[in-house]
Amino acid sequence: MFDTIIENLKDISNKIRFKDDIASLNKATTNLKKMLLKSDLHHKTTKELIAKIERDVKTTGIGQKNFISSLQKNLLDILQTDGKQGFVFSSKGVTTILMTGLQGSGKTTTVGKLAMYLKQRNKKVLISACDTQRLAAVEQLKQITDKLEIDLYFDENETNPVDIAKKADKKAKDELYDVHLIDTAGRLAIDDELMSELKKIKASIDPDEVFYVADSLTGHDATRTATSFHEKIGLDGVILTKFDGDNKGGVALSIAHQVNIPLRFVGTGENMPDIETFIPQRIVSRLMGQGDIEGLAEKTSAVIDEKKFKQVSMKIKKGEFNFDDFLEQMNMIKKLGSMKSMLSMIPGMGKMASQVANMDIENSTQMKNIKALISSMTKKERIQPSILNQSRKDRISKGAGLSIMQTNRILKQFKNASKMAKKLSGKNGKGIKSMIENMEGSSIPR
């Protein structure tokens, strides 16, 4: 996400090299204006941003450093608006969220993503299926909740979504759920029937917050429809879906500024873990090429078992990392979301994130071969890779449907990776620490 904006900001800022060079400032702001408009930033937001930057730089002195400082400050001003950030829990009992949006925006999938996000933080979640318009809506939620092992309330004999919401609300309170997410019907366009239904549901259960799910690929339409929903039923936050497919990113900057509603989450991929909180300070840091180490730490801490991580770290340091450890680590990584999203949070890794945008590591031929090979091993062989002699290799190769050459290559790669991991762990983790510090030194200013 933001690929276009990030790359262009680097080029534009690098062209201002001298102090008091008014010509380069004018050229930079003109290029910035064109780039932001092409990136789907609202024209009013763009005009205001450019005016503030020009005023700031002319006051403090024309130069690259002042230009970048003003750009960073004013981008943050645009993204910040009154309201909450991320997910905020009610101080009294269950936190009830009414999910709204147009049909096709990815609302039902987003409900599942948000539920998984909460479950990873040890919250007891109930989803209620209040979309009685779309025939496949309940079935879709059944598949999602079964996969995530999250509770679903539905009533296929009830056609009134208000009654379903009331019953689900009672269940959530009686059974002491932490969060109740209400999936409602969407429409192809905003109409009186949809708004009337939403108003009735909202009045019947009095939710803590109302979230609007918007499709980032619709550009300015996402801002317009969010505004309409806010005017008619009142919104507390917006979730942008399909943000991984929107390299422009301008719509994310426009929503908070034009709708005056905080952007709370963004969908960063097709899988359930691919959802991130939208914190303005962190987003501006990414835009300026400085990554989001804080967001990365938060995401990993919610998924990775600290006790198991310490155990694996000790094994790596001792050179005892085995195939069972490898599979366990791969399962943890799957829960973190897309590789592109993860890399984009690391300073200086933006270009690499773009390169792996369509890479599906989990379903790659190499990963399938590795898993097949490990599945053909005995428990002892997985724990002690060092005992794999030629006869054992022949057996597991046949079991995995691989040639002995493929098996040897995988085993060699695993051995080399283990050695590298041991080297990076170093004393007190100095190898990793040094690598991160070098990354953090990479940003727009050069």
# chains A, B, ... in the order shown; residues from 1 in each chain; ligands from 1
call {"tool": "select_by_dssp", "arguments": {"residues": "range 16-104 of chain A", "states": "helix (DSSP H, G or I)", "output": "MDAnalysis selection string"}}
result
chainID A and resid 22:38 43:60 64:79
call {"tool": "residues_around", "arguments": {"residues": "Glu149 in chain A", "least_positions_apart": "5", "cutoff": "12 Å", "atoms": "only C-alpha atoms", "output": "MDAnalysis selection string"}}
result
chainID A and resid 112 115:116 119:120 124:127 141:144
call {"tool": "atom_distance", "arguments": {"atom1": "CA of Gly267 in chain A", "atom2": "CA of Ser105 in chain A"}}
result
11.1 Å
call {"tool": "residues_around", "arguments": {"residues": "range 175-191 of chain A", "least_positions_apart": "3", "cutoff": "8 Å", "atoms": "only C-alpha atoms", "output": "ChimeraX atom specification"}}
result
/A:93-104,107-108,111,115,123-134,161,165,169,171-172,194-195,198,225
call {"tool": "atom_distance", "arguments": {"atom1": "CA of Asn8 in chain A", "atom2": "CA of Leu287 in chain A"}}
result
10.1 Å
call {"tool": "residues_around", "arguments": {"residues": "range 77-92 of chain A", "least_positions_apart": "4", "cutoff": "8 Å", "atoms": "only C-alpha atoms", "output": "list of chain:residue names"}}
result
A:Thr45, A:Leu49, A:Lys73, A:Asp208, A:Asp236, A:Gly237, A:Leu253, A:Ser254, A:Ala256, A:His257, A:Asn260, A:Ile261, A:Pro262, A:Leu263, A:Arg264, A:Phe265, A:Thr277, A:Phe278, A:Ile279, A:Pro280
call {"tool": "write_last_selection", "arguments": {"atoms": "C-alpha atoms", "output": "PDB file, in the first residue's frame"}}
result
ATOM      1  CA  THR A  45      -7.266  17.770   0.691  1.00  0.00           C
ATOM      2  CA  LEU A  49      -1.812  20.206   1.961  1.00  0.00           C
ATOM      3  CA  LYS A  73       3.812  17.319   9.916  1.00  0.00           C
ATOM      4  CA  ASP A 208     -20.918   0.944  21.201  1.00  0.00           C
ATOM      5  CA  ASP A 236     -17.478   5.962  14.503  1.00  0.00           C
ATOM      6  CA  GLY A 237     -14.859   4.529  12.202  1.00  0.00           C
ATOM      7  CA  LEU A 253      -5.514   9.997   3.331  1.00  0.00           C
ATOM      8  CA  SER A 254      -8.782  11.524   2.115  1.00  0.00           C
ATOM      9  CA  ALA A 256     -10.257  11.127   7.698  1.00  0.00           C
ATOM     10  CA  HIS A 257      -9.886  14.622   6.272  1.00  0.00           C
ATOM     11  CA  ASN A 260     -14.015  13.676   9.573  1.00  0.00           C
ATOM     12  CA  ILE A 261     -14.170  10.046  10.728  1.00  0.00           C
ATOM     13  CA  PRO A 262     -11.064   8.144  11.846  1.00  0.00           C
ATOM     14  CA  LEU A 263      -9.821   5.309   9.681  1.00  0.00           C
ATOM     15  CA  ARG A 264      -9.569   2.416  12.170  1.00  0.00           C
ATOM     16  CA  PHE A 265      -8.304  -0.584  10.186  1.00  0.00           C
ATOM     17  CA  THR A 277      -4.797  -1.011  12.812  1.00  0.00           C
ATOM     18  CA  PHE A 278      -4.525   2.405  11.198  1.00  0.00           C
ATOM     19  CA  ILE A 279      -2.523   4.663  13.518  1.00  0.00           C
ATOM     20  CA  PRO A 280      -1.783   8.068  11.857  1.00  0.00           C
TER      21      PRO A 280
END
call {"tool": "select_by_dssp", "arguments": {"residues": "range 14-159 of chain A", "states": "strand (DSSP E)", "output": "list in words"}}
result
Thr95, Thr96, Ile97, Leu98, Met99, Thr100, Gly101, Val125, Leu126, Ile127, Ser128, Ala129, Cys130, Asp151, Leu152 and Tyr153 of chain A
call {"tool": "write_last_selection", "arguments": {"atoms": "N, CA and C atoms", "output": "PDB file, in the first residue's frame"}}
result
ATOM      1  N   THR A  95     -18.547  -5.463  24.177  1.00  0.00           N
ATOM      2  CA  THR A  95     -18.376  -4.367  23.224  1.00  0.00           C
ATOM      3  C   THR A  95     -19.106  -4.744  21.943  1.00  0.00           C
ATOM      4  N   THR A  96     -20.125  -3.974  21.589  1.00  0.00           N
ATOM      5  CA  THR A  96     -20.962  -4.289  20.430  1.00  0.00           C
ATOM      6  C   THR A  96     -20.638  -3.360  19.267  1.00  0.00           C
ATOM      7  N   ILE A  97     -20.320  -3.965  18.118  1.00  0.00           N
ATOM      8  CA  ILE A  97     -19.957  -3.204  16.927  1.00  0.00           C
ATOM      9  C   ILE A  97     -20.928  -3.528  15.791  1.00  0.00           C
ATOM     10  N   LEU A  98     -21.567  -2.506  15.250  1.00  0.00           N
ATOM     11  CA  LEU A  98     -22.453  -2.665  14.096  1.00  0.00           C
ATOM     12  C   LEU A  98     -21.634  -2.437  12.832  1.00  0.00           C
ATOM     13  N   MET A  99     -21.527  -3.484  12.004  1.00  0.00           N
ATOM     14  CA  MET A  99     -20.734  -3.414  10.774  1.00  0.00           C
ATOM     15  C   MET A  99     -21.640  -3.068   9.597  1.00  0.00           C
ATOM     16  N   THR A 100     -21.294  -2.003   8.873  1.00  0.00           N
ATOM     17  CA  THR A 100     -22.110  -1.560   7.747  1.00  0.00           C
ATOM     18  C   THR A 100     -21.242  -1.413   6.492  1.00  0.00           C
ATOM     19  N   GLY A 101     -21.901  -1.297   5.345  1.00  0.00           N
ATOM     20  CA  GLY A 101     -21.161  -1.107   4.101  1.00  0.00           C
ATOM     21  C   GLY A 101     -21.985  -1.511   2.902  1.00  0.00           C
ATOM     22  N   VAL A 125     -15.302 -13.817  21.179  1.00  0.00           N
ATOM     23  CA  VAL A 125     -16.028 -13.060  20.149  1.00  0.00           C
ATOM     24  C   VAL A 125     -17.259 -13.822  19.662  1.00  0.00           C
ATOM     25  N   LEU A 126     -18.343 -13.078  19.498  1.00  0.00           N
ATOM     26  CA  LEU A 126     -19.561 -13.607  18.869  1.00  0.00           C
ATOM     27  C   LEU A 126     -19.851 -12.797  17.617  1.00  0.00           C
ATOM     28  N   ILE A 127     -20.104 -13.492  16.518  1.00  0.00           N
ATOM     29  CA  ILE A 127     -20.547 -12.836  15.285  1.00  0.00           C
ATOM     30  C   ILE A 127     -22.014 -13.178  15.079  1.00  0.00           C
ATOM     31  N   SER A 128     -22.816 -12.191  14.738  1.00  0.00           N
ATOM     32  CA  SER A 128     -24.224 -12.476  14.425  1.00  0.00           C
ATOM     33  C   SER A 128     -24.502 -12.165  12.963  1.00  0.00           C
ATOM     34  N   ALA A 129     -25.223 -13.075  12.315  1.00  0.00           N
ATOM     35  CA  ALA A 129     -25.535 -12.960  10.884  1.00  0.00           C
ATOM     36  C   ALA A 129     -26.877 -12.263  10.711  1.00  0.00           C
ATOM     37  N   CYS A 130     -26.833 -10.954  10.493  1.00  0.00           N
ATOM     38  CA  CYS A 130     -28.067 -10.167  10.345  1.00  0.00           C
ATOM     39  C   CYS A 130     -28.292  -9.708   8.913  1.00  0.00           C
ATOM     40  N   ASP A 151     -17.533 -18.257  17.514  1.00  0.00           N
ATOM     41  CA  ASP A 151     -18.972 -18.512  17.624  1.00  0.00           C
ATOM     42  C   ASP A 151     -19.775 -17.631  16.669  1.00  0.00           C
ATOM     43  N   LEU A 152     -20.826 -18.231  16.091  1.00  0.00           N
ATOM     44  CA  LEU A 152     -21.719 -17.527  15.171  1.00  0.00           C
ATOM     45  C   LEU A 152     -23.156 -17.711  15.620  1.00  0.00           C
ATOM     46  N   TYR A 153     -23.902 -16.598  15.654  1.00  0.00           N
ATOM     47  CA  TYR A 153     -25.339 -16.679  15.930  1.00  0.00           C
ATOM     48  C   TYR A 153     -26.088 -16.400  14.629  1.00  0.00           C
TER      49      TYR A 153
END
call {"tool": "residues_around", "arguments": {"residues": "Ser375 in chain A", "least_positions_apart": "3", "cutoff": "9 Å", "atoms": "only C-alpha atoms", "output": "list in words"}}
result
Ile370, Lys371, Ala372, Thr378, Arg382, Ile396, Gly399 and Ala400 of chain A
call {"tool": "closest_residue", "arguments": {"among": "A:Leu327, A:Phe154, A:Asp192, A:Ile201", "to": "Lys166 in chain A", "atoms": "only C-alpha atoms"}}
result
A:Ile201
call {"tool": "closest_residue", "arguments": {"among": "A:Arg409, A:Thr59, A:Met377, A:Gln258", "to": "Ser228 in chain A", "atoms": "only C-alpha atoms"}}
result
A:Gln258
call {"tool": "closest_residue", "arguments": {"among": "A:Leu41, A:Ile12, A:Leu118, A:Val210", "to": "Ile68 in chain A", "atoms": "only C-alpha atoms"}}
result
A:Ile12
call {"tool": "atom_distance", "arguments": {"atom1": "CA of Ser39 in chain A", "atom2": "CA of Gly219 in chain A"}}
result
9.0 Å
